[in-house]
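**Student:** mmCIF, C-alpha atoms, file data-v6.cif:
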data_query
loop_
_atom_site.label_atom_id
_atom_site.label_comp_id
_atom_site.auth_asym_id
_atom_site.auth_seq_id
_atom_site.Cartn_x
_atom_site.Cartn_y
_atom_site.Cartn_z
CA MET A 17 56.03 -30.98 -11.28
CA LYS A 18 55.80 -29.42 -14.73
CA THR A 19 56.96 -32.35 -16.82
CA LEU A 20 57.30 -32.74 -20.57
CA ALA A 21 54.32 -35.12 -20.34
CA GLU A 22 52.31 -32.21 -19.04
CA LEU A 23 53.56 -30.13 -21.95
CA ALA A 24 52.28 -32.82 -24.30
CA ALA A 25 48.85 -32.62 -22.66
CA LEU A 26 48.96 -28.86 -23.13
CA ARG A 27 49.80 -29.34 -26.80
CA ASP A 28 46.82 -31.63 -27.33
CA LYS A 29 44.54 -29.14 -25.63
CA MET A 30 45.86 -26.29 -27.78
CA LYS A 31 45.94 -27.99 -31.16
CA ASP A 32 42.53 -26.80 -32.32
CA LYS A 33 42.96 -23.28 -31.04
CA VAL A 34 46.24 -22.43 -32.74
CA ALA A 35 44.78 -21.47 -36.07
CA LEU A 36 42.62 -18.84 -34.44
CA ARG A 37 45.51 -17.26 -32.71
CA GLU A 38 47.63 -16.06 -35.60
CA GLY A 39 48.21 -12.45 -34.61
CA THR A 40 46.57 -9.79 -36.73
CA GLY A 41 49.02 -7.30 -35.24
CA GLU A 42 46.53 -4.49 -34.84
CA LYS A 43 48.48 -3.11 -31.91
CA ARG A 44 52.17 -3.54 -31.19
CA ILE A 45 53.75 -2.81 -27.82
CA VAL A 46 57.52 -2.43 -28.08
CA VAL A 47 59.68 -2.34 -24.96
CA GLY A 48 63.28 -1.10 -25.09
CA MET A 49 65.47 -3.88 -23.69
CA ALA A 50 69.02 -2.62 -24.21
CA THR A 51 71.40 -2.13 -21.27
CA CYS A 52 69.94 1.32 -20.56
CA GLY A 53 66.38 -0.01 -20.45
CA ILE A 54 67.18 -3.08 -18.37
CA ALA A 55 69.22 -1.06 -15.86
CA ALA A 56 66.33 1.40 -15.51
CA GLY A 57 63.78 -1.34 -14.81
CA ALA A 58 62.46 -2.48 -18.20
CA ARG A 59 62.22 -6.16 -17.27
CA PRO A 60 59.27 -5.85 -14.86
CA VAL A 61 57.60 -3.48 -17.35
CA LEU A 62 57.94 -5.93 -20.24
CA ASN A 63 56.84 -8.76 -17.96
CA ALA A 64 53.76 -6.81 -16.87
CA PHE A 65 52.72 -6.28 -20.51
CA VAL A 66 53.34 -9.93 -21.46
CA VAL A 67 51.41 -11.28 -18.47
CA ALA A 68 48.51 -8.81 -18.81
CA ILE A 69 48.07 -9.34 -22.57
CA ASN A 70 48.23 -13.11 -22.10
CA GLU A 71 45.78 -13.10 -19.20
CA ALA A 72 43.36 -10.80 -20.98
CA GLY A 73 43.42 -13.13 -24.00
CA LEU A 74 44.45 -10.24 -26.27
CA THR A 75 47.32 -12.03 -28.02
CA GLY A 76 45.24 -12.25 -31.18
CA ASN A 77 45.46 -8.55 -31.90
CA VAL A 78 48.16 -7.23 -29.59
CA THR A 79 51.79 -8.28 -29.83
CA VAL A 80 54.44 -7.48 -27.26
CA THR A 81 57.98 -7.28 -28.60
CA GLN A 82 61.43 -6.21 -27.46
CA THR A 83 63.80 -3.80 -29.12
CA GLY A 84 67.25 -2.37 -28.49
CA CYS A 85 68.25 1.16 -27.53
CA ILE A 86 65.91 3.80 -28.93
CA GLY A 87 68.39 6.58 -28.15
CA ILE A 88 66.59 8.31 -25.29
CA CYS A 89 68.28 6.41 -22.48
CA GLN A 90 67.51 9.10 -19.89
CA TYR A 91 63.80 8.34 -20.29
CA GLU A 92 64.03 4.58 -19.93
CA PRO A 93 62.13 2.35 -19.45
CA VAL A 94 60.60 3.38 -22.79
CA VAL A 95 57.55 1.71 -24.31
CA GLU A 96 56.21 2.46 -27.78
CA VAL A 97 52.71 1.57 -28.89
CA TYR A 98 52.10 1.23 -32.63
CA GLU A 99 48.64 1.00 -34.09
CA SER A 100 47.89 0.91 -37.78
CA GLY A 101 46.58 4.24 -39.03
CA LYS A 102 47.50 6.07 -35.83
CA GLU A 103 50.50 8.00 -34.66
CA LYS A 104 53.02 6.11 -32.50
CA VAL A 105 52.67 6.75 -28.77
CA THR A 106 55.90 6.84 -26.74
CA TYR A 107 55.65 6.20 -23.01
CA VAL A 108 58.64 7.08 -20.84
CA LYS A 109 59.91 6.26 -17.35
CA MET A 110 57.54 3.34 -17.22
CA THR A 111 56.85 1.04 -14.29
CA SER A 112 54.79 -2.12 -14.06
CA GLU A 113 52.02 -0.12 -12.33
CA LYS A 114 51.96 2.38 -15.20
CA ALA A 115 51.87 -0.57 -17.58
CA GLN A 116 48.60 -1.74 -16.01
CA LYS A 117 47.02 1.65 -16.65
CA VAL A 118 48.28 1.71 -20.24
CA ILE A 119 46.74 -1.73 -20.80
CA GLU A 120 43.39 -0.70 -19.37
CA GLU A 121 43.04 2.75 -20.89
CA HIS A 122 45.08 2.62 -24.09
CA ILE A 123 45.25 -0.99 -25.23
CA LYS A 124 41.73 -1.97 -24.17
CA GLY A 125 40.09 1.47 -24.08
CA GLY A 126 41.76 3.12 -27.07
CA ARG A 127 42.70 6.29 -25.17
CA PRO A 128 46.46 6.87 -24.72
CA VAL A 129 47.53 7.75 -21.16
CA LYS A 130 48.79 11.20 -21.97
CA GLU A 131 50.46 11.88 -18.60
CA TYR A 132 53.00 9.07 -19.20
CA THR A 133 53.95 10.10 -22.74
CA ILE A 134 57.20 11.74 -23.74
CA GLY A 135 55.42 14.98 -24.65
CA GLU A 136 54.48 15.49 -21.01
CA ILE A 137 58.06 15.30 -19.71
CA LYS A 138 59.43 18.63 -18.49
CA HIS A 139 62.73 19.47 -20.10
CA MET B 5 72.26 -3.72 -12.26
CA LYS B 6 70.30 -4.75 -9.18
CA GLU B 7 70.23 -8.44 -10.03
CA LEU B 8 72.69 -10.70 -11.81
CA SER B 9 69.72 -12.08 -13.75
CA LEU B 10 69.39 -8.59 -15.33
CA ASN B 11 73.02 -8.72 -16.47
CA ILE B 12 72.27 -12.14 -17.94
CA LEU B 13 69.22 -10.79 -19.80
CA ASP B 14 71.32 -7.88 -21.08
CA ILE B 15 74.37 -9.89 -22.18
CA THR B 16 72.15 -12.45 -23.93
CA GLN B 17 70.72 -9.64 -26.08
CA ASN B 18 74.24 -9.37 -27.56
CA SER B 19 74.03 -13.01 -28.65
CA ILE B 20 70.62 -12.37 -30.21
CA LYS B 21 71.91 -9.31 -32.07
CA ALA B 22 74.89 -11.37 -33.24
CA GLY B 23 72.42 -13.57 -35.11
CA ALA B 24 72.78 -16.63 -32.87
CA LYS B 25 70.45 -19.57 -33.47
CA ASN B 26 71.49 -21.48 -30.37
CA ILE B 27 72.12 -19.85 -27.02
CA SER B 28 73.14 -21.66 -23.85
CA ILE B 29 73.05 -20.05 -20.44
CA PHE B 30 74.79 -22.07 -17.75
CA LEU B 31 75.15 -21.24 -14.07
CA ASP B 32 77.34 -23.60 -12.06
CA GLU B 33 77.82 -23.36 -8.31
CA ASP B 34 80.63 -25.49 -6.92
CA THR B 35 81.26 -26.76 -3.39
CA ASN B 36 83.48 -23.74 -2.65
CA TYR B 37 80.63 -21.28 -3.31
CA LYS B 38 82.13 -20.21 -6.58
CA LEU B 39 79.54 -19.40 -9.25
CA THR B 40 80.47 -19.64 -12.92
CA LEU B 41 78.20 -18.09 -15.53
CA ARG B 42 78.65 -19.07 -19.16
CA ILE B 43 76.70 -17.64 -22.07
CA ILE B 44 77.52 -19.55 -25.24
CA ASP B 45 76.21 -18.60 -28.66
CA ASP B 46 76.72 -19.46 -32.31
CA GLY B 47 76.35 -15.87 -33.49
CA CYS B 48 78.66 -13.98 -35.84
CA GLY B 49 81.44 -13.77 -33.24
CA MET B 50 84.09 -11.11 -32.96
CA THR B 51 87.64 -10.75 -34.17
CA ALA B 52 90.41 -10.73 -31.58
CA GLU B 53 90.67 -6.98 -32.00
CA VAL B 54 86.97 -6.42 -31.19
CA VAL B 55 87.14 -8.79 -28.19
CA GLU B 56 89.94 -6.60 -26.82
CA ARG B 57 87.75 -3.53 -27.14
CA VAL B 58 84.39 -4.70 -25.78
CA LYS B 59 85.48 -4.38 -22.17
CA ASN B 60 85.91 -0.68 -22.75
CA PRO B 61 82.71 1.22 -21.88
CA PHE B 62 83.41 3.61 -24.74
CA PHE B 63 83.06 0.85 -27.28
CA THR B 64 79.68 -0.18 -28.64
CA SER B 65 78.31 -1.78 -31.77
CA ARG B 66 75.12 0.24 -31.65
CA THR B 67 74.66 3.46 -33.52
CA THR B 68 72.28 5.38 -31.24
CA ARG B 69 74.96 6.14 -28.63
CA LYS B 70 78.68 6.04 -28.20
CA VAL B 71 78.77 3.99 -25.01
CA GLY B 72 78.23 0.28 -24.39
CA LEU B 73 77.93 -0.72 -20.77
CA GLY B 74 76.71 -4.32 -20.92
CA ILE B 75 80.08 -6.06 -20.58
CA PRO B 76 81.54 -3.42 -18.23
CA PHE B 77 78.53 -3.88 -15.88
CA LEU B 78 79.00 -7.66 -15.88
CA THR B 79 82.74 -7.23 -15.32
CA LEU B 80 82.06 -4.92 -12.37
CA ALA B 81 79.62 -7.41 -10.83
CA ALA B 82 82.18 -10.22 -11.17
CA GLU B 83 85.30 -8.30 -10.13
CA GLN B 84 83.71 -6.80 -7.03
CA THR B 85 83.46 -10.36 -5.66
CA GLY B 86 87.05 -11.19 -6.60
CA GLY B 87 86.00 -12.95 -9.81
CA GLY B 88 86.32 -11.89 -13.42
CA VAL B 89 85.07 -12.06 -16.99
CA SER B 90 86.67 -13.72 -19.98
CA ILE B 91 85.51 -13.74 -23.58
CA GLU B 92 86.34 -16.32 -26.20
CA SER B 93 85.12 -15.62 -29.70
CA PHE B 94 85.44 -16.97 -33.22
CA SER B 95 84.36 -14.52 -35.89
CA GLU B 96 82.30 -15.63 -38.85
CA SER B 97 84.81 -14.08 -41.27
CA GLU B 98 87.69 -16.16 -39.92
CA TYR B 99 85.77 -19.28 -38.86
CA PRO B 100 82.82 -19.63 -41.26
CA GLU B 101 82.07 -23.17 -40.06
CA ASN B 102 82.39 -22.77 -36.34
CA HIS B 103 81.77 -19.22 -35.17
CA GLY B 104 80.33 -17.83 -31.96
CA THR B 105 81.11 -16.33 -28.60
CA THR B 106 81.44 -17.68 -25.09
CA ILE B 107 81.38 -15.27 -22.18
CA THR B 108 82.47 -16.66 -18.85
CA ALA B 109 82.05 -14.78 -15.59
CA THR B 110 83.06 -16.03 -12.16
CA PHE B 111 81.71 -14.88 -8.81
CA ASP B 112 82.25 -15.58 -5.14
CA LEU B 113 78.74 -16.33 -3.86
CA GLN B 114 79.72 -15.58 -0.27
CA HIS B 115 81.32 -12.22 -0.98
CA ILE B 116 79.45 -9.32 0.60
CA ASP B 117 79.40 -7.52 -2.77
CA PHE B 118 77.89 -10.44 -4.67
CA THR B 119 74.88 -9.13 -6.58
CA PRO B 120 71.91 -11.43 -5.85
CA LEU B 121 70.98 -13.62 -8.80
CA GLY B 122 67.39 -12.43 -8.63
CA ASP B 123 64.57 -13.53 -10.89
CA MET B 124 65.99 -15.99 -13.42
CA VAL B 125 62.46 -17.26 -14.14
CA THR B 126 61.44 -13.92 -15.66
CA THR B 127 64.76 -13.49 -17.48
CA ILE B 128 64.50 -16.88 -19.20
CA SER B 129 60.77 -16.68 -19.95
CA LEU B 130 61.10 -13.20 -21.48
CA LEU B 131 64.08 -14.27 -23.60
CA ILE B 132 62.03 -17.13 -25.02
CA HIS B 133 58.89 -15.00 -25.41
CA GLY B 134 60.81 -12.38 -27.38
CA ASN B 135 62.76 -14.85 -29.52
CA PRO B 136 60.57 -17.90 -30.17
CA GLY B 137 62.63 -18.85 -33.23
CA LEU B 138 65.85 -19.39 -31.28
CA ASP B 139 67.00 -22.41 -29.33
CA PHE B 140 67.64 -21.66 -25.68
CA GLU B 141 69.26 -24.06 -23.28
CA PHE B 142 69.31 -23.08 -19.63
CA ARG B 143 70.88 -24.98 -16.77
CA HIS B 144 71.63 -23.89 -13.22
CA THR B 145 73.46 -26.46 -11.16
CA LYS B 146 74.79 -26.79 -7.65
CA PRO B 147 76.20 -29.94 -6.07
CA SER B 148 72.80 -31.07 -4.80
CA ALA B 149 70.31 -29.73 -7.34
CA VAL B 150 69.64 -28.55 -10.87
CA VAL B 151 67.21 -26.30 -12.72
CA GLU B 152 67.02 -26.82 -16.47
CA LEU B 153 65.04 -26.01 -19.56
CA SER B 154 65.64 -26.69 -23.23
CA THR B 155 63.46 -25.18 -25.95
CA ARG B 156 64.63 -27.85 -28.38
CA GLN B 157 63.30 -30.53 -26.05
CA MET B 158 60.08 -28.56 -25.67
CA LEU B 159 59.64 -28.22 -29.43
CA GLU B 160 60.02 -31.97 -29.89
CA VAL B 161 56.86 -32.24 -27.80
CA LEU B 162 55.08 -29.12 -29.03
CA GLY B 163 55.52 -29.65 -32.76
CA GLU B 164 53.82 -26.78 -34.57
CA ILE B 165 52.75 -24.90 -31.45
CA PRO B 166 54.93 -21.81 -31.07
CA LEU B 167 57.04 -21.24 -27.98
CA ASP B 168 55.57 -17.79 -27.44
CA SER B 169 51.98 -19.01 -27.06
CA PRO B 170 50.59 -17.72 -23.76
CA GLU B 171 50.02 -21.23 -22.41
CA VAL B 172 53.57 -22.31 -23.29
CA ILE B 173 55.13 -19.21 -21.72
CA GLU B 174 53.07 -19.91 -18.62
CA TRP B 175 54.31 -23.51 -18.59
CA ILE B 176 57.92 -22.25 -18.84
CA ARG B 177 57.38 -19.90 -15.90
CA GLU B 178 55.75 -22.55 -13.75
CA SER B 179 58.30 -25.19 -14.64
CA LEU B 180 61.26 -22.96 -13.74
CA ALA B 181 59.56 -21.60 -10.61
CA GLU B 182 58.82 -25.13 -9.37
CA GLN B 183 62.37 -26.27 -10.06
CA TYR B 184 63.79 -23.25 -8.23
CA LEU B 185 61.56 -23.98 -5.26
CA THR B 186 63.25 -27.37 -4.93
CA PHE B 187 66.66 -25.88 -5.79
CA TYR B 188 66.56 -23.40 -2.92
CA GLY B 189 64.35 -25.50 -0.69
CA ASP B 190 66.95 -27.87 0.67
#
Once you've parsed the file, please lay out its structure as structure tokens.
**Tutor:**
Amino acid sequence: MKTLAELAALRDKMKDKVALREGTGEKRIVVGMATCGIAAGARPVLNAFVVAINEAGLTGNVTVTQTGCIGICQYEPVVEVYESGKEKVTYVKMTSEKAQKVIEEHIKGGRPVKEYTIGEIKH
Amino acid sequence: MKELSLNILDITQNSIKAGAKNISIFLDEDTNYKLTLRIIDDGCGMTAEVVERVKNPFFTSRTTRKVGLGIPFLTLAAEQTGGGVSIESFSESEYPENHGTTITATFDLQHIDFTPLGDMVTTISLLIHGNPGLDFEFRHTKPSAVVELSTRQMLEVLGEIPLDSPEVIEWIRESLAEQYLTFYGD
């Protein structure tokens, strides 16, 4: 059972590491979590980013945050990636599988996954 | 919404946007298979006039669109089981000392149109991950079992370590998942 005693053990283990982990915020992944996003499936997408960034140990320079309605509800789930000095990349109609590819190619590899971006959507 | 836990995630965003510092999410199942959901916050609240209007899908506080479907979706999910939604709110302008909103929704768990609760573990862990500065209290009870988590209690143990640290989020997930295993296991 995950008890508070176990949480205390976790705290003691983490104490020395905390200072190193203050985010530099090089990359920011923002997931739209308003009603439109959630209804379209944003929760598994956000969860996929949180889990993958945590597991890859990238929390030092990548932050995952939530935002409200971006105004393009028909393209939800929408994910924006901000990187200092670069243009914002907007991914649309995301899924948790697409999120994995974005992590690998864009977040780790530095190459945006063009086929998932808003510019590639046929009007 | 495909899961009630998605409605809960959505409605709780309203509390966050209302500037709440403390948010409680309670699910209570009684012996007659009635489920009561309460989301209680100490945010800026609403005046009686606004409370009247929020059930209308063509009312929203956001500026990007002219529709707001969060409360109507929750109302639909409740009413299609024979239950309902009520909102009690005290606006900051009228009650500067004691403001906030309580949303109560009731459901018949055995009704064929009851939306499955779904993944509360992910809903709660993502709420905490996205809002590490807020106090969340979660409790799901039925006559024979309970699942609970309090960030205030966690912070008393954690001290300076933030709630959104990967290890802490993982602990939250595992703690809730283990409790739910027992909750549904009997």
**Student:** Identify which of the residues B:Gly88, B:Gly104, B:Pro61, B:Pro76 lies closest to B:Lys21, counting only C-alpha atoms when measuring atom-to-atom distances.
**Tutor:**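 Smallest separation from B:Lys21 among the options: B:Gly104.
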**Student:** Using the chain letters and residue numbers of this document, give as a PDB file with C-alpha atoms, in the coordinates of the input the residues selected by the PyMOL selection byres ((chain A) within 8 of (chain B)).
**Tutor:**
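Printed below is result_8.pdb as written:
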ATOM      1  CA  MET A  17      56.030 -30.980 -11.280  1.00  0.00           C
ATOM      2  CA  LYS A  18      55.800 -29.420 -14.730  1.00  0.00           C
ATOM      3  CA  THR A  19      56.960 -32.350 -16.820  1.00  0.00           C
ATOM      4  CA  LEU A  20      57.300 -32.740 -20.570  1.00  0.00           C
ATOM      5  CA  LEU A  23      53.560 -30.130 -21.950  1.00  0.00           C
ATOM      6  CA  ALA A  24      52.280 -32.820 -24.300  1.00  0.00           C
ATOM      7  CA  LEU A  26      48.960 -28.860 -23.130  1.00  0.00           C
ATOM      8  CA  ARG A  27      49.800 -29.340 -26.800  1.00  0.00           C
ATOM      9  CA  MET A  30      45.860 -26.290 -27.780  1.00  0.00           C
ATOM     10  CA  LYS A  31      45.940 -27.990 -31.160  1.00  0.00           C
ATOM     11  CA  VAL A  34      46.240 -22.430 -32.740  1.00  0.00           C
ATOM     12  CA  MET A  49      65.470  -3.880 -23.690  1.00  0.00           C
ATOM     13  CA  ALA A  50      69.020  -2.620 -24.210  1.00  0.00           C
ATOM     14  CA  THR A  51      71.400  -2.130 -21.270  1.00  0.00           C
ATOM     15  CA  ILE A  54      67.180  -3.080 -18.370  1.00  0.00           C
ATOM     16  CA  ALA A  55      69.220  -1.060 -15.860  1.00  0.00           C
ATOM     17  CA  ARG A  59      62.220  -6.160 -17.270  1.00  0.00           C
ATOM     18  CA  ASN A  63      56.840  -8.760 -17.960  1.00  0.00           C
ATOM     19  CA  ASN A  70      48.230 -13.110 -22.100  1.00  0.00           C
ATOM     20  CA  THR A  75      47.320 -12.030 -28.020  1.00  0.00           C
ATOM     21  CA  THR A  81      57.980  -7.280 -28.600  1.00  0.00           C
ATOM     22  CA  GLN A  82      61.430  -6.210 -27.460  1.00  0.00           C
ATOM     23  CA  CYS A  85      68.250   1.160 -27.530  1.00  0.00           C
ATOM     24  CA  ILE A  86      65.910   3.800 -28.930  1.00  0.00           C
ATOM     25  CA  GLY A  87      68.390   6.580 -28.150  1.00  0.00           C
TER      26      GLY A  87
END
**Student:** Record the distance separating atom CA of B:Glu101 and atom CA of B:Ile29, expressed in Å with one decimal.
**Tutor:** 21.8 Å
**Student:** Any idea what the distance is between atom CA of B:Leu31 and atom CA of B:Thr145?
**Tutor:** 6.2 Å
**Student:** Evaluating the PyMOL selection byres ((chain A and resi 58) around 8) on the displayed file yields which residues, as JSON, numbers by chain?
**Tutor:** {"A": [47, 48, 49, 53, 54, 55, 56, 57, 59, 60, 61, 62, 92, 93, 94, 110, 111]}
**Student:** What does the distance from atom CA of B:Gly47 to atom CA of B:Lys146 come to in Å, to one decimal?
**Tutor:**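 It comes out at 28.1 Å.
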**Student:** Considering only C-alpha atoms, can you say which of B:Leu78, B:Ile12, B:Leu185, B:Ile20 comes closest to B:Lys59?
**Tutor:**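 The answer is B:Leu78, which sits nearest to B:Lys59.
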**Student:** Could you state which residues are captured by the PyMOL selection byres ((chain A and resi 127) around 12) in this file, as a list in words?
**Tutor:**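 Applying the PyMOL selection byres ((chain A and resi 127) around 12) to the structure shown produces Val97, Glu99, Lys102, Val105, Lys117, Val118, Ile119, Glu120, Glu121, His122, Ile123, Lys124, Gly125, Gly126, Pro128, Val129, Lys130 and Glu131 of chain A.
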**Student:** Tell me, as a ChimeraX atom specification, which residues lie within 9 Å of B:Gln114, counting only C-alpha atoms; anything in the same chain fewer than 4 positions away does not count.
**Tutor:** /B:37-38,85,118
**Student:** Write out the residues from the selection above, keeping C-alpha atoms, as a PDB file, keeping the file's coordinate frame.
**Tutor:**
ATOM      1  CA  TYR B  37      80.630 -21.280  -3.310  1.00  0.00           C
ATOM      2  CA  LYS B  38      82.130 -20.210  -6.580  1.00  0.00           C
ATOM      3  CA  THR B  85      83.460 -10.360  -5.660  1.00  0.00           C
ATOM      4  CA  PHE B 118      77.890 -10.440  -4.670  1.00  0.00           C
TER       5      PHE B 118
END
**Student:** From the options B:Val58, B:Ala82, B:Leu153, B:Ile132, which residue's atoms come nearest to B:Phe30, counting all atoms listed in the file?
**Tutor:** B:Leu153
**Student:** With all atoms listed in the file as the atoms that count, which of A:Val95, A:Ala115, A:Cys52, A:Ile137 lies nearest to A:Ile69?
**Tutor:**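 Answer, going by the shortest atom-to-atom distance: A:Ala115.
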**Student:** Take every atom of stretch 111-115 of chain B listed in the file, fit an axis-aligned box around them, add 3 Å per side, and give the centre and edge lengths in Å to one decimal as AutoDock Vina command-line options.
**Tutor:**
--center_x 80.5 --center_y -14.3 --center_z -4.5 --size_x 9.5 --size_y 10.1 --size_z 14.5
**Student:** Given the point (64.3, -27.9, -11.0) in the coordinates of this file, which residues lie within 6 Å, counting all atoms listed in the file, and how would they look as a short mmCIF file (atom, residue, chain, number, x, y, z; two decimals) with C-alpha atoms, in the frame of the given file?
**Tutor:**
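Here's the written file out36.cif:
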data_model
loop_
_atom_site.label_atom_id
_atom_site.label_comp_id
_atom_site.auth_asym_id
_atom_site.auth_seq_id
_atom_site.Cartn_x
_atom_site.Cartn_y
_atom_site.Cartn_z
CA VAL B 150 69.64 -28.55 -10.87
CA VAL B 151 67.21 -26.30 -12.72
CA GLN B 183 62.37 -26.27 -10.06
CA TYR B 184 63.79 -23.25 -8.23
#
**Student:** Give me stretch 68-87 of chain B with N, CA and C atoms filled in, as a PDB file, in the coordinates of the input.
**Tutor:**
ATOM      1  N   THR B  68      73.060   4.306 -31.857  1.00  0.00           N
ATOM      2  CA  THR B  68      72.280   5.380 -31.240  1.00  0.00           C
ATOM      3  C   THR B  68      73.071   6.134 -30.177  1.00  0.00           C
ATOM      4  N   ARG B  69      74.155   5.529 -29.691  1.00  0.00           N
ATOM      5  CA  ARG B  69      74.960   6.140 -28.630  1.00  0.00           C
ATOM      6  C   ARG B  69      76.391   5.689 -28.763  1.00  0.00           C
ATOM      7  N   LYS B  70      77.271   6.380 -28.071  1.00  0.00           N
ATOM      8  CA  LYS B  70      78.680   6.040 -28.200  1.00  0.00           C
ATOM      9  C   LYS B  70      79.201   5.230 -27.026  1.00  0.00           C
ATOM     10  N   VAL B  71      78.305   4.802 -26.129  1.00  0.00           N
ATOM     11  CA  VAL B  71      78.770   3.990 -25.010  1.00  0.00           C
ATOM     12  C   VAL B  71      78.081   2.631 -25.006  1.00  0.00           C
ATOM     13  N   GLY B  72      78.784   1.631 -24.511  1.00  0.00           N
ATOM     14  CA  GLY B  72      78.230   0.280 -24.390  1.00  0.00           C
ATOM     15  C   GLY B  72      78.606  -0.256 -23.021  1.00  0.00           C
ATOM     16  N   LEU B  73      77.622  -0.434 -22.162  1.00  0.00           N
ATOM     17  CA  LEU B  73      77.930  -0.720 -20.770  1.00  0.00           C
ATOM     18  C   LEU B  73      77.628  -2.156 -20.356  1.00  0.00           C
ATOM     19  N   GLY B  74      77.115  -2.954 -21.283  1.00  0.00           N
ATOM     20  CA  GLY B  74      76.710  -4.320 -20.920  1.00  0.00           C
ATOM     21  C   GLY B  74      77.844  -5.123 -20.326  1.00  0.00           C
ATOM     22  N   ILE B  75      78.940  -5.261 -21.059  1.00  0.00           N
ATOM     23  CA  ILE B  75      80.080  -6.060 -20.580  1.00  0.00           C
ATOM     24  C   ILE B  75      80.768  -5.383 -19.386  1.00  0.00           C
ATOM     25  N   PRO B  76      80.975  -4.052 -19.425  1.00  0.00           N
ATOM     26  CA  PRO B  76      81.540  -3.420 -18.230  1.00  0.00           C
ATOM     27  C   PRO B  76      80.710  -3.645 -16.956  1.00  0.00           C
ATOM     28  N   PHE B  77      79.388  -3.617 -17.058  1.00  0.00           N
ATOM     29  CA  PHE B  77      78.530  -3.880 -15.880  1.00  0.00           C
ATOM     30  C   PHE B  77      78.742  -5.303 -15.364  1.00  0.00           C
ATOM     31  N   LEU B  78      78.789  -6.264 -16.289  1.00  0.00           N
ATOM     32  CA  LEU B  78      79.000  -7.660 -15.880  1.00  0.00           C
ATOM     33  C   LEU B  78      80.371  -7.821 -15.240  1.00  0.00           C
ATOM     34  N   THR B  79      81.370  -7.162 -15.841  1.00  0.00           N
ATOM     35  CA  THR B  79      82.740  -7.230 -15.320  1.00  0.00           C
ATOM     36  C   THR B  79      82.798  -6.658 -13.905  1.00  0.00           C
ATOM     37  N   LEU B  80      82.115  -5.540 -13.701  1.00  0.00           N
ATOM     38  CA  LEU B  80      82.060  -4.920 -12.370  1.00  0.00           C
ATOM     39  C   LEU B  80      81.452  -5.894 -11.365  1.00  0.00           C
ATOM     40  N   ALA B  81      80.309  -6.489 -11.749  1.00  0.00           N
ATOM     41  CA  ALA B  81      79.620  -7.410 -10.830  1.00  0.00           C
ATOM     42  C   ALA B  81      80.516  -8.587 -10.458  1.00  0.00           C
ATOM     43  N   ALA B  82      81.306  -9.074 -11.426  1.00  0.00           N
ATOM     44  CA  ALA B  82      82.180 -10.220 -11.170  1.00  0.00           C
ATOM     45  C   ALA B  82      83.399  -9.792 -10.350  1.00  0.00           C
ATOM     46  N   GLU B  83      84.036  -8.708 -10.769  1.00  0.00           N
ATOM     47  CA  GLU B  83      85.300  -8.300 -10.130  1.00  0.00           C
ATOM     48  C   GLU B  83      85.083  -7.834  -8.695  1.00  0.00           C
ATOM     49  N   GLN B  84      83.918  -7.275  -8.402  1.00  0.00           N
ATOM     50  CA  GLN B  84      83.710  -6.800  -7.030  1.00  0.00           C
ATOM     51  C   GLN B  84      83.536  -7.963  -6.040  1.00  0.00           C
ATOM     52  N   THR B  85      83.456  -9.200  -6.557  1.00  0.00           N
ATOM     53  CA  THR B  85      83.460 -10.360  -5.660  1.00  0.00           C
ATOM     54  C   THR B  85      84.800 -11.090  -5.715  1.00  0.00           C
ATOM     55  N   GLY B  86      85.754 -10.527  -6.446  1.00  0.00           N
ATOM     56  CA  GLY B  86      87.050 -11.190  -6.600  1.00  0.00           C
ATOM     57  C   GLY B  86      87.108 -12.093  -7.820  1.00  0.00           C
ATOM     58  N   GLY B  87      86.037 -12.124  -8.602  1.00  0.00           N
ATOM     59  CA  GLY B  87      86.000 -12.950  -9.810  1.00  0.00           C
ATOM     60  C   GLY B  87      86.401 -12.147 -11.033  1.00  0.00           C
TER      61      GLY B  87
END
